[in-house]
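Some notes on the structure that comes next.
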Amino acid sequence: MPGSLATKLNFEPSPPESQPLMAQRELKPENEKQADGPVPTGRASCPHRARARFLKGVSYFSGDMALLAKWMEKQFFLLQLLDWVLRGAAQVMFVNNPLSGLIIFAGLIVQNYWWALNGFVGTLFATVSALILRQNRGAIAAGLYGYNGILVGLLMAVFSNAGNWYWWLLLPNIFLSMMCPIVSSALASINSRWDLPVFTLPFNILVCLHMVATGHYNHHFPQVLIQPRTELPNITWEEIDVAKLFMSIPVGIGQVYGCDNPWTGGIFIISLFISSPITCAHAVLGSTIGMLSGLALAAPFGAIYFGLWGYNCVLACIAVGGMFYALTWQVHLLAITCGFFCAYLGSAIANIMSVFGLPSCTWPFCLSALTFLLITTETNKIFKLPLAKVTYPEKNLSYFWKMKKQEKLDEARKKEEEQQKAIEEAVLNEKLQLSLDLSAAQEADVTQTATEPETQSEGRDTGGEPTAENFPTEETLANYV
Amino acid sequence: MPGSLATKLNFEPSPPESQPLMAQRELKPENEKQADGPVPTGRASCPHRARARFLKGVSYFSGDMALLAKWMEKQFFLLQLLDWVLRGAAQVMFVNNPLSGLIIFAGLIVQNYWWALNGFVGTLFATVSALILRQNRGAIAAGLYGYNGILVGLLMAVFSNAGNWYWWLLLPNIFLSMMCPIVSSALASINSRWDLPVFTLPFNILVCLHMVATGHYNHHFPQVLIQPRTELPNITWEEIDVAKLFMSIPVGIGQVYGCDNPWTGGIFIISLFISSPITCAHAVLGSTIGMLSGLALAAPFGAIYFGLWGYNCVLACIAVGGMFYALTWQVHLLAITCGFFCAYLGSAIANIMSVFGLPSCTWPFCLSALTFLLITTETNKIFKLPLAKVTYPEKNLSYFWKMKKQEKLDEARKKEEEQQKAIEEAVLNEKLQLSLDLSAAQEADVTQTATEPETQSEGRDTGGEPTAENFPTEETLANYV
Amino acid sequence: MPGSLATKLNFEPSPPESQPLMAQRELKPENEKQADGPVPTGRASCPHRARARFLKGVSYFSGDMALLAKWMEKQFFLLQLLDWVLRGAAQVMFVNNPLSGLIIFAGLIVQNYWWALNGFVGTLFATVSALILRQNRGAIAAGLYGYNGILVGLLMAVFSNAGNWYWWLLLPNIFLSMMCPIVSSALASINSRWDLPVFTLPFNILVCLHMVATGHYNHHFPQVLIQPRTELPNITWEEIDVAKLFMSIPVGIGQVYGCDNPWTGGIFIISLFISSPITCAHAVLGSTIGMLSGLALAAPFGAIYFGLWGYNCVLACIAVGGMFYALTWQVHLLAITCGFFCAYLGSAIANIMSVFGLPSCTWPFCLSALTFLLITTETNKIFKLPLAKVTYPEKNLSYFWKMKKQEKLDEARKKEEEQQKAIEEAVLNEKLQLSLDLSAAQEADVTQTATEPETQSEGRDTGGEPTAENFPTEETLANYV
């Protein structure tokens with residue numbers, strides 16, 4: 001299953017001294033998945049059958065489209081590459097689904113042709129560079145080397161001050177996209193020690209690198225001017241526009257790809273829903289949390305309408321709410337907390353970065369999500385999936401439930417065994433008691449003929465240690481039973 | 001011993017792939033402690049007895065008050081919580097003692113009611129949040145989840161530009177206090193790999209987060225204005241005020257909690273002395289080092305008088321001087337070096353943070369202490385205690401001495417055993433030699449009747465290998481001895 | 001071999017929970033080295049002999065001068081210290097050679113007497129401090145504790161605004177040089193987990209510390225004024241000076257030590273060539289890459305001529321190109337990529353640091369080289385040497401080749417063994433078949449007289465399972481025997 005999200009954001013926990021390897025592709029669980037997927041075995045009346053057929057159809061393009069990925073393995077290279085690029089485009093939102101990727105590209109085209117082109121170039125070259133560098137094929141096929149590339153390409157175009165269709169921009173775009181796998185691999189070597197993904201850290205590093213290396217005052221690659229706030233923003237609560245406030249929710253989702261068009265945001269919501277409804281719900285929830293936080297911290301309304309408070313919370317909510325933790329109510333609350341924390345952090349990082357003329361990128365998401373993934377707690381309601389087992393929230397949940405079931409079964413079996421043991425022990429003790437009584441009677445008769453093992457067990461008995469009774473010598477029993 | 005500092009700043013070294021667990025509470029050593037505490041067995045004359053009784057009394061409220069902690073375990077929840085909050089207040093100075101905590105709160109009230117209230121709210125909610133998140137109960141009871149909370153609460157009030165009794169401030173105070181255990185737990189997952197404590201890093205992160213997220217120009221939560229230096233400060237050495245310079249020593253200790261009142265600083269010194277005189281001495285030493293460094297680096301006198309050069313050095317000196325290292329002369333010198341390094345770093349970080357409108361918090365202490373705890377050296381005079389064994393300097397020292405004694409005993413025993421062995425060997429060799437001589441004599445008499453084992457041992461003897469002599473065959477000996 | 005670079009940039013990979021120890025000195029490989037060095041056994045005609053003698057002579061002062069290091073071990077302390085200081089001076093460029101160090105000091109004197117003095121003081125005190133702190137003697141002797149010291153001393157003098165011969169500067173110089181081993185040791189504890197060297201990170205940390213702690217506006221230790229760019233630089237491509245552009249290549253190498261004199265740069269090139277031609281070639285290559293990057297990113301010509309774009313790339317190219325990776329064509333390309341990445345990063349870091357009034361030091365080199373050393377890939381053409389085996393590129397290469405040869409031999413032997421096994425099996429099977437045929441014939445004749453081995457093999461044969469043949473059931477045997 002090369003396209004499986006099993007290798008989501010890349011790396012298996014590795015023994016401390018060995019190289020952090022990519023999670024190996026697992027072929028076996030695939031067969032199970034169809035069984036525990038949303039496809040019930042329709043063996044009842046007609047409407048039931050229709051529903052079953054519908055769900056069967058849905059399963060072909062929802063989730064991680066593992067069947068397509070399998071089919072793709074035998075196709076010719078360029079088609080495979082296209083699959084990987086589309087998956088890479090969707091992986092920004094933790095979605096391993098080429099259809100979602102296609103829809104996302106459609107959304108980008110709605111926003112801006114030039115940006116979409118740069119995004120495509122970025123994804124393509126990042127994926128090719130990973131191939132050249134001989135990175136894990138499974139991870140490449142899951143789009144895990146492409147998503148940083150699309151963000152690098154897009155955001156370089158978004159923040160360029162040279163205007164659209166400034167073709168020279170493709171040069172640094174290609175160079176930095178090709179650096180993505182290098183930075184990813186290096187970061188993974190570090191993060192894998194804590195079984196953590198690299199998230200969009202390579203993108204953050206590389207785009208900030210490009211922007212601050214050139215800066216606003218540059219002849220070749222000028223960047224938009226970003227400056228720190230130096231006076232009180234003009235906020236009058238009467239002027240608030242509720243419609244725009246609601247619109248900021250899809251805009252916030254669109255801003256994950258640097259897009260401020262609400263239609264683009266809406267298209268992205270659809271692409272998320274196709275692959276995983278839980279992801280989609282958390283994305284909307286995250287954007288709402290971001291908007292509320294912006295109001296609470298007295299942010300200028302413009303920034304809130306523009307979705308700048310939303311996109312980090314969107315990603316943080318998705319990551320914590322079901323993607324890397326198995327979704328329980330406790331984890332859901334944790335995801336909401338993470339959303340608020342991320343919004344706070346977002347404001348902080350935006351203010352710090354503005355000193356250097358930089359946007360906050362997705363640093364707030366990365367840092368808050370990593371913090372929340374590093375937590376350890378003594379409750380078993382918050383279960384962090386091993387990185388190699390992460391796929392998409394619904395499948396993660398079924399993995400978690402199976403694991404719990406297995407645990408319960410194991411416990412039950414253990415209990416049964418213990419009971420069995422206890423019964424056997426009781427029987428044994430009874431026998432022993434009997435033998436002792438017998439021997440006592442014999443002793444009373446003929447004290448001189450007492451054999452050694454008998455007195456031994458007798459001695460024990462008077463000693464009153466109950467545990468000693470469990471180990472009667474064989475001779476004792478052999479003598480009487 | 002829930003209140004024991006054995007779980008000081010939280011975490012045991014964990015095997016690389018397992019979760020970093022809290023140090024488990026050890027119940028056994030408790031019994032020893034009373035014995036090796038400062039309570040000598042008074043069996044001599046009357047004044048000796050009085051002294052013994054006095055020391056016995058002292059032991060009830062000095063150190064980590066382990067007896068109280070034990071007694072508390074059976075009390076009802078709110079009283080326990082109060083104990084934990086008080087211990088949390090004192091843990092900022094690495095002191096696990098509710099009495100010290102109480103005195104510290106008194107000092108805070110002397111300084112400012114509103115600040116004290118915020119500090120209390122911070123400690124309370126941080127502790128409650130740790131309970132909700134199911135963190136290790138022993139660590140909570142030792143106040144290890146409270147000390148970041150009190151600092152967050154206090155310093156948010158100190159740096160708020162909205163004036164005292166601005167009640168809305170309690171909202172972010174509660175939110176960020178409740179984030180403390182999350183950030184602590186996450187950082188501990190990282191630091192535990194090197195067996196390092198998290199110090200006040202969560203506080204630093206969260207207060208900086210709040211201050212830079214809102215900033216000076218904010219409608220809801222404005223911060224005081226901090227700006228980088230842009231001209232030569234006006235320093236004339238004739239104007240120096242020696243009295244104020246001396247006063248800066250207690251003020252520096254007070255500044256650990258953001259207090260500039262010298263009386264508050266004095267009260268804090270008392271609270272330290274109650275629990276651990278070594279800690280107290282290093283606190284005063286640290287504050288002095290900071291003041292001297294300020295003079296050396298030509299800092300404005302105002303900042304020195306205000307204690308801003310002292311508080312980081314206070315903490316760094318305490319941490320290195322006896323708390324995490326066993327106190328020897330070498331470690332004492334290391335603590336002084338760490339103090340100077342910390343002062344240097346303090347100036348650097350203050351200048352960097354001022355660019356973002358931030359104070360330096362206790363970043364300099366954290367970074368310098370972590371650096372000095374990461375050192376490895378080939379001398380055994382600098383002994384870093386395992387994190388799970390850290391309590392307070394006096395007890396750490398007794399642990400270190402015991403360990404050394406044990407080592408010496410082991411060595412002595414080893415030597416004795418070796419000597420014993422050598423003697424036995426010598427005896428054996430002598431016997432062997434005798435047997436060989438005998439056999440030689442016999443051989444000289446009757447050469448034909450020589451048995452196999454004899455010739456064998458003879459052969460060995462002529463071979464001249466001394467090690468082979470240690471394994472004479474039993475027959476050889478049996479034949480002649 | 002105390003002076004061997006085997007302990008280059010310090011530390012062996014250590015088991016996760018143990019202390020990161022210095023790489024132990026290996027004495028045995030030394031004898032081999034002379035054999036596989038550039039000294040061919042001259043047994044042919046006269047010119048051949050002359051050449052051999054010449055190469056023999058070269059081997060005395062090229063490479064890491066291991067013979068001198070061995071001879072030094074028996075000399076008196078001050079001479080040893082001088083050797084260590086000279087090696088420390090050269091270690092900035094990863095060269096473990098006292099002659100190179102001497103030439104480098106000559107180059108520094110050509111540049112500026114005062115700077116050279118500060119550099120010497122820095123190296124000396126850093127080395128002495130490492131001795132006091134009981135760091136690994138082998139690492140000290142290889143100059144691994146000196147190179148940060150020389151940079152600290154030099155750059156503090158270079159960036160001081162108090163002018164030359166401001167003697168007070170020696171005070172912070174000595175203090176910070178003596179802090180070098182502490183910071184080195186602490187960083188090594190962290191980096192050794194990934195088997196990474198500490199590079200010049202201690203120097204970067206300490207010089208930035210000093211500069212930002214005092215700043216431009218300081219009475220005692222003022223620094224030169226560095227400010228961020230706030231307007232478009234004036235670049236007209238007609239004004240470009242090609243001669244200066246070419247001169248920037250040696251100047252870039254000189255800037256590793258903060259020197260802008262092209263003669264000094266030239267002297268440094270010679271010192272590199274003496275020890276290792278590969279290092280020298282990559283240094284020149286790196287400086288060229290930096291210059292080209294500067295032009296590509298529209299940097300002001302002045303900065304390019306001044307060598308500011310070169311020195312980080314010089315170090316990065318040396319580190320990746322043969323020093324920590326075994327030099328293959330793939331690694332050579334990687335080194336070039338690293339050079340370009342480093343130049344990009346250099347511009348970014350310079351812009352960020354200028355906000356704090358700081359120069360970029362060698363942060364770009366450290367970060368880019370660490371990133372490229374953290375990469376993992378599935379190809380065996382990119383081989384990262386274990387840190388304890390790193391010496392100089394030529395020797396690293398011979399180590400790599402030997403390893404590969406050994407691997408091939410092992411494989412060949414394995415194959416041979418397998419073939420041998422296969423042949424033996426075939427023979428065995430034939431014998432077995434023969435015996436079976438025999439037994440079948442015998443059975444046909446006299447079924448009762450079947451002998452044990454025959455029936456056994458018969459039983460096996462009918463079972464048909466080849467593995468089962470080794471475990472004949474007892475019943476089978478019981479039936480016939």
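Following the order of the structure tokens, chains are lettered A, B, ..., residues in each are numbered from 1, and ligands are numbered from 1.
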Note to self: So that I can check the surroundings of B:Gly339, please list as a list in words every protein, DNA and RNA residue that reaches within 10 Å of it, counting only C-alpha atoms and ignoring chain neighbours fewer than 5 positions away.
What the structure shows: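 Here the qualifying residues turn out to be His282, Leu285, Gly286, Ser287, Thr288, Ile289, Gly290, Ser293, Gly310, Asn312, Cys313, Val314, Leu315, Ala316, Cys317, Ile318, Val320, Gly321, Leu333, Leu334, Tyr344, Leu345, Phe365, Ser368 and Ala369 of chain B.
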Write the residues you've just listed into a file as an mmCIF file, in the first residue's frame, and include N, CA, C and O atoms for each of them.
data_model
loop_
_atom_site.group_PDB
_atom_site.id
_atom_site.type_symbol
_atom_site.label_atom_id
_atom_site.label_comp_id
_atom_site.auth_asym_id
_atom_site.auth_seq_id
_atom_site.Cartn_x
_atom_site.Cartn_y
_atom_site.Cartn_z
ATOM 1 N N HIS B 282 24.031 30.180 49.044
ATOM 2 C CA HIS B 282 24.278 30.328 47.613
ATOM 3 C C HIS B 282 23.389 31.391 47.002
ATOM 4 O O HIS B 282 23.772 32.039 46.012
ATOM 5 N N LEU B 285 25.174 34.595 47.770
ATOM 6 C CA LEU B 285 26.374 34.620 46.933
ATOM 7 C C LEU B 285 26.015 34.986 45.496
ATOM 8 O O LEU B 285 26.665 35.830 44.870
ATOM 9 N N GLY B 286 24.968 34.349 44.988
ATOM 10 C CA GLY B 286 24.554 34.605 43.613
ATOM 11 C C GLY B 286 24.172 36.053 43.394
ATOM 12 O O GLY B 286 24.581 36.675 42.405
ATOM 13 N N SER B 287 23.424 36.600 44.322
ATOM 14 C CA SER B 287 22.997 37.987 44.174
ATOM 15 C C SER B 287 24.211 38.920 44.167
ATOM 16 O O SER B 287 24.253 39.896 43.401
ATOM 17 N N THR B 288 25.205 38.591 44.988
ATOM 18 C CA THR B 288 26.421 39.405 45.026
ATOM 19 C C THR B 288 27.177 39.320 43.707
ATOM 20 O O THR B 288 27.635 40.339 43.168
ATOM 21 N N ILE B 289 27.294 38.108 43.193
ATOM 22 C CA ILE B 289 27.981 37.921 41.907
ATOM 23 C C ILE B 289 27.303 38.738 40.816
ATOM 24 O O ILE B 289 27.962 39.400 40.005
ATOM 25 N N GLY B 290 25.966 38.693 40.799
ATOM 26 C CA GLY B 290 25.232 39.444 39.792
ATOM 27 C C GLY B 290 25.536 40.933 39.878
ATOM 28 O O GLY B 290 25.788 41.586 38.854
ATOM 29 N N SER B 293 28.988 41.673 38.558
ATOM 30 C CA SER B 293 29.030 41.564 37.101
ATOM 31 C C SER B 293 28.435 42.798 36.455
ATOM 32 O O SER B 293 28.940 43.285 35.432
ATOM 33 N N GLY B 310 20.683 40.446 39.666
ATOM 34 C CA GLY B 310 20.873 39.440 40.683
ATOM 35 C C GLY B 310 20.064 38.163 40.537
ATOM 36 O O GLY B 310 20.598 37.065 40.710
ATOM 37 N N ASN B 312 18.764 36.076 38.378
ATOM 38 C CA ASN B 312 19.161 34.891 37.618
ATOM 39 C C ASN B 312 20.356 34.189 38.252
ATOM 40 O O ASN B 312 20.400 32.960 38.315
ATOM 41 N N CYS B 313 21.308 35.005 38.722
ATOM 42 C CA CYS B 313 22.494 34.418 39.344
ATOM 43 C C CYS B 313 22.119 33.693 40.630
ATOM 44 O O CYS B 313 22.705 32.656 40.964
ATOM 45 N N VAL B 314 21.146 34.256 41.372
ATOM 46 C CA VAL B 314 20.662 33.599 42.588
ATOM 47 C C VAL B 314 20.230 32.175 42.260
ATOM 48 O O VAL B 314 20.700 31.201 42.877
ATOM 49 N N LEU B 315 19.366 32.052 41.282
ATOM 50 C CA LEU B 315 18.838 30.735 40.931
ATOM 51 C C LEU B 315 19.927 29.826 40.383
ATOM 52 O O LEU B 315 19.995 28.634 40.734
ATOM 53 N N ALA B 316 20.793 30.380 39.533
ATOM 54 C CA ALA B 316 21.857 29.558 38.932
ATOM 55 C C ALA B 316 22.802 29.036 40.014
ATOM 56 O O ALA B 316 23.192 27.861 40.005
ATOM 57 N N CYS B 317 23.160 29.902 40.957
ATOM 58 C CA CYS B 317 24.071 29.495 42.030
ATOM 59 C C CYS B 317 23.444 28.412 42.899
ATOM 60 O O CYS B 317 24.117 27.448 43.278
ATOM 61 N N ILE B 318 22.156 28.567 43.216
ATOM 62 C CA ILE B 318 21.484 27.544 44.027
ATOM 63 C C ILE B 318 21.472 26.211 43.286
ATOM 64 O O ILE B 318 21.797 25.158 43.849
ATOM 65 N N VAL B 320 23.319 24.985 40.750
ATOM 66 C CA VAL B 320 24.599 24.285 40.569
ATOM 67 C C VAL B 320 25.248 23.989 41.921
ATOM 68 O O VAL B 320 25.817 22.920 42.116
ATOM 69 N N GLY B 321 25.134 24.939 42.855
ATOM 70 C CA GLY B 321 25.839 24.799 44.123
ATOM 71 C C GLY B 321 25.127 23.931 45.136
ATOM 72 O O GLY B 321 24.629 24.436 46.140
ATOM 73 N N LEU B 333 33.154 26.187 43.283
ATOM 74 C CA LEU B 333 33.796 27.061 42.290
ATOM 75 C C LEU B 333 33.012 27.070 40.985
ATOM 76 O O LEU B 333 32.860 28.104 40.338
ATOM 77 N N LEU B 334 32.504 25.912 40.623
ATOM 78 C CA LEU B 334 31.688 25.808 39.411
ATOM 79 C C LEU B 334 30.441 26.679 39.530
ATOM 80 O O LEU B 334 30.035 27.347 38.573
ATOM 81 N N TYR B 344 26.446 37.463 32.635
ATOM 82 C CA TYR B 344 26.802 37.828 31.258
ATOM 83 C C TYR B 344 25.631 37.532 30.321
ATOM 84 O O TYR B 344 25.161 38.362 29.546
ATOM 85 N N LEU B 345 25.165 36.278 30.440
ATOM 86 C CA LEU B 345 24.061 35.817 29.600
ATOM 87 C C LEU B 345 22.818 36.652 29.871
ATOM 88 O O LEU B 345 22.039 36.946 28.948
ATOM 89 N N PHE B 365 18.982 32.209 33.624
ATOM 90 C CA PHE B 365 19.196 31.151 34.607
ATOM 91 C C PHE B 365 19.014 29.787 33.968
ATOM 92 O O PHE B 365 19.876 28.898 34.106
ATOM 93 N N SER B 368 21.872 28.954 31.429
ATOM 94 C CA SER B 368 23.200 28.751 32.012
ATOM 95 C C SER B 368 23.214 27.505 32.892
ATOM 96 O O SER B 368 24.172 26.729 32.848
ATOM 97 N N ALA B 369 22.159 27.309 33.681
ATOM 98 C CA ALA B 369 22.143 26.123 34.548
ATOM 99 C C ALA B 369 22.098 24.845 33.719
ATOM 100 O O ALA B 369 22.799 23.875 34.030
#
Can you pull out the residues contacting C:Leu154? Cut-off 8 Å, using only C-alpha atoms, and skip same-chain residues under 5 positions away; I want them as a PDB file with N, CA, C and O atoms, in the first residue's frame.
ATOM      1  N   TRP C 115      45.245  41.532  16.838  1.00  0.00           N
ATOM      2  CA  TRP C 115      44.322  40.422  16.640  1.00  0.00           C
ATOM      3  C   TRP C 115      45.020  39.087  16.881  1.00  0.00           C
ATOM      4  O   TRP C 115      44.484  38.193  17.544  1.00  0.00           O
ATOM      5  N   ALA C 116      46.248  38.971  16.312  1.00  0.00           N
ATOM      6  CA  ALA C 116      47.005  37.723  16.465  1.00  0.00           C
ATOM      7  C   ALA C 116      47.254  37.425  17.941  1.00  0.00           C
ATOM      8  O   ALA C 116      47.094  36.283  18.396  1.00  0.00           O
ATOM      9  N   ASN C 118      45.427  38.436  20.521  1.00  0.00           N
ATOM     10  CA  ASN C 118      44.170  38.018  21.128  1.00  0.00           C
ATOM     11  C   ASN C 118      43.833  36.571  20.769  1.00  0.00           C
ATOM     12  O   ASN C 118      43.339  35.812  21.607  1.00  0.00           O
ATOM     13  N   GLY C 119      44.086  36.222  19.516  1.00  0.00           N
ATOM     14  CA  GLY C 119      43.829  34.847  19.092  1.00  0.00           C
ATOM     15  C   GLY C 119      44.677  33.870  19.883  1.00  0.00           C
ATOM     16  O   GLY C 119      44.187  32.834  20.348  1.00  0.00           O
ATOM     17  N   GLY C 122      43.426  33.558  23.419  1.00  0.00           N
ATOM     18  CA  GLY C 122      42.194  32.761  23.429  1.00  0.00           C
ATOM     19  C   GLY C 122      42.477  31.274  23.347  1.00  0.00           C
ATOM     20  O   GLY C 122      41.967  30.473  24.143  1.00  0.00           O
ATOM     21  N   TYR C 257      38.883  33.484   9.714  1.00  0.00           N
ATOM     22  CA  TYR C 257      39.518  34.015  10.916  1.00  0.00           C
ATOM     23  C   TYR C 257      39.282  35.522  11.045  1.00  0.00           C
ATOM     24  O   TYR C 257      40.000  36.202  11.756  1.00  0.00           O
ATOM     25  N   GLY C 258      38.324  36.042  10.303  1.00  0.00           N
ATOM     26  CA  GLY C 258      38.004  37.462  10.407  1.00  0.00           C
ATOM     27  C   GLY C 258      38.995  38.382   9.714  1.00  0.00           C
ATOM     28  O   GLY C 258      39.035  39.572  10.010  1.00  0.00           O
TER      29      GLY C 258
END
For chain B against chain A, with a cut-off of 6 Å and counting only C-alpha atoms, what is the closest atom pair and its distance in Å to one decimal for every residue that makes the cut, ordered by chain and number, as JSON lines?
{"residue": "B:Arg134", "atom": "CA", "partner": "A:Glu378", "partner_atom": "CA", "distance": 5.4}
{"residue": "B:Gln135", "atom": "CA", "partner": "A:Thr377", "partner_atom": "CA", "distance": 5.5}
{"residue": "B:Ser185", "atom": "CA", "partner": "A:Ile375", "partner_atom": "CA", "distance": 5.2}
{"residue": "B:Ala186", "atom": "CA", "partner": "A:Leu374", "partner_atom": "CA", "distance": 4.5}
{"residue": "B:Leu209", "atom": "CA", "partner": "A:Ala348", "partner_atom": "CA", "distance": 5.6}
{"residue": "B:Val212", "atom": "CA", "partner": "A:Ala348", "partner_atom": "CA", "distance": 4.9}
{"residue": "B:Ala213", "atom": "CA", "partner": "A:Ala348", "partner_atom": "CA", "distance": 3.7}
{"residue": "B:Tyr217", "atom": "CA", "partner": "A:Leu232", "partner_atom": "CA", "distance": 4.6}
Notebook entry, point to check: Which residue gives the smallest distance to C:Asn396 among C:Gly107, C:Gly322, C:Pro181, C:Gly265, with only C-alpha atoms counted?
Noted result: C:Gly322
Notebook entry, point to check: Rounded to one decimal in Å, what is the spacing between atom CA of A:Ile174 and atom CA of A:Val121?
Noted result: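 Result for atom CA of A:Ile174 versus atom CA of A:Val121: 7.2 Å, one decimal.
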Next item on the list: Pick out the residues sitting within 8 Å of stretch 87-94 of chain C, and hand them over as a list in words; count only C-alpha atoms, and ignore anything fewer than 6 positions along from it in its own chain.
Entry: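 These residues fall inside the cut-off: Lys8, Ser100, Gly101, Ile104, Phe105, Thr123, Ala141, Ala142, Gly143, Leu144, Tyr145, Gly146, Tyr147, Asn148, Ile150, Leu151, Thr200, Leu272, Leu315, Ile318, Ala319, Met323 and Tyr392 of chain C.
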Could you write out that same residue set with C-alpha atoms as an mmCIF file, in the first residue's frame?
data_model
loop_
_atom_site.group_PDB
_atom_site.id
_atom_site.type_symbol
_atom_site.label_atom_id
_atom_site.label_comp_id
_atom_site.auth_asym_id
_atom_site.auth_seq_id
_atom_site.Cartn_x
_atom_site.Cartn_y
_atom_site.Cartn_z
ATOM 1 C CA LYS C 8 38.082 15.126 15.537
ATOM 2 C CA SER C 100 49.520 24.618 9.452
ATOM 3 C CA GLY C 101 48.774 26.284 12.775
ATOM 4 C CA ILE C 104 48.068 30.460 10.164
ATOM 5 C CA PHE C 105 49.523 32.475 13.033
ATOM 6 C CA THR C 123 43.641 29.455 22.209
ATOM 7 C CA ALA C 141 46.042 17.258 22.270
ATOM 8 C CA ALA C 142 44.272 17.299 18.912
ATOM 9 C CA GLY C 143 43.474 20.974 19.453
ATOM 10 C CA LEU C 144 39.759 20.316 19.700
ATOM 11 C CA TYR C 145 39.412 22.626 22.706
ATOM 12 C CA GLY C 146 41.560 25.363 21.204
ATOM 13 C CA TYR C 147 39.836 26.263 17.947
ATOM 14 C CA ASN C 148 36.846 27.897 19.600
ATOM 15 C CA ILE C 150 41.203 31.321 18.876
ATOM 16 C CA LEU C 151 37.982 32.410 17.183
ATOM 17 C CA THR C 200 32.183 26.237 16.032
ATOM 18 C CA LEU C 272 45.542 23.901 4.143
ATOM 19 C CA LEU C 315 33.798 25.685 6.099
ATOM 20 C CA ILE C 318 35.223 21.305 3.728
ATOM 21 C CA ALA C 319 33.020 19.661 6.360
ATOM 22 C CA MET C 323 35.756 15.433 6.178
ATOM 23 C CA TYR C 392 41.386 14.036 7.354
#
Next item on the list: List every residue of stretch 170-295 of chain B that DSSP, applied to the backbone, labels as helix (DSSP H, G or I), and write the result as JSON, numbers by chain.
Entry: {"B": [170, 171, 172, 173, 174, 175, 176, 177, 178, 179, 180, 181, 182, 183, 184, 185, 186, 187, 188, 189, 190, 191, 192, 193, 194, 201, 202, 203, 204, 205, 206, 207, 208, 209, 210, 211, 212, 213, 214, 237, 238, 239, 242, 243, 244, 245, 246, 247, 248, 249, 250, 251, 252, 253, 254, 255, 256, 257, 262, 263, 264, 265, 266, 267, 268, 269, 270, 271, 272, 273, 274, 275, 277, 278, 279, 280, 281, 282, 283, 284, 285, 286, 287, 288, 289, 290, 291, 292, 293, 294, 295]}
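Separating atom CA of B:Cys259 from atom CA of B:Leu82 is a distance of 22.9 Å.
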Next item on the list: Please identify all polymer residues within 9 Å of C:Asn164, counting only C-alpha atoms, omitting same-chain residues fewer than 5 positions from it, and present them as an MDAnalysis selection string.
Entry: chainID C and resid 113:115 157:158
Margin query: Report, in Å to a single decimal, how far apart atom CA of C:Leu67 and atom CA of C:Pro47 are.
Written below: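 Spanning atom CA of C:Pro47 to atom CA of C:Leu67 is a straight-line distance of 26.2 Å.
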Notebook entry, point to check: Restricting the calculation to only C-alpha atoms, which member of A:Ile267, A:Cys180, A:Ala243, A:Cys46 is positioned closest to A:Val128?
Noted result: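 Distance minimum relative to A:Val128 lands on A:Cys180.
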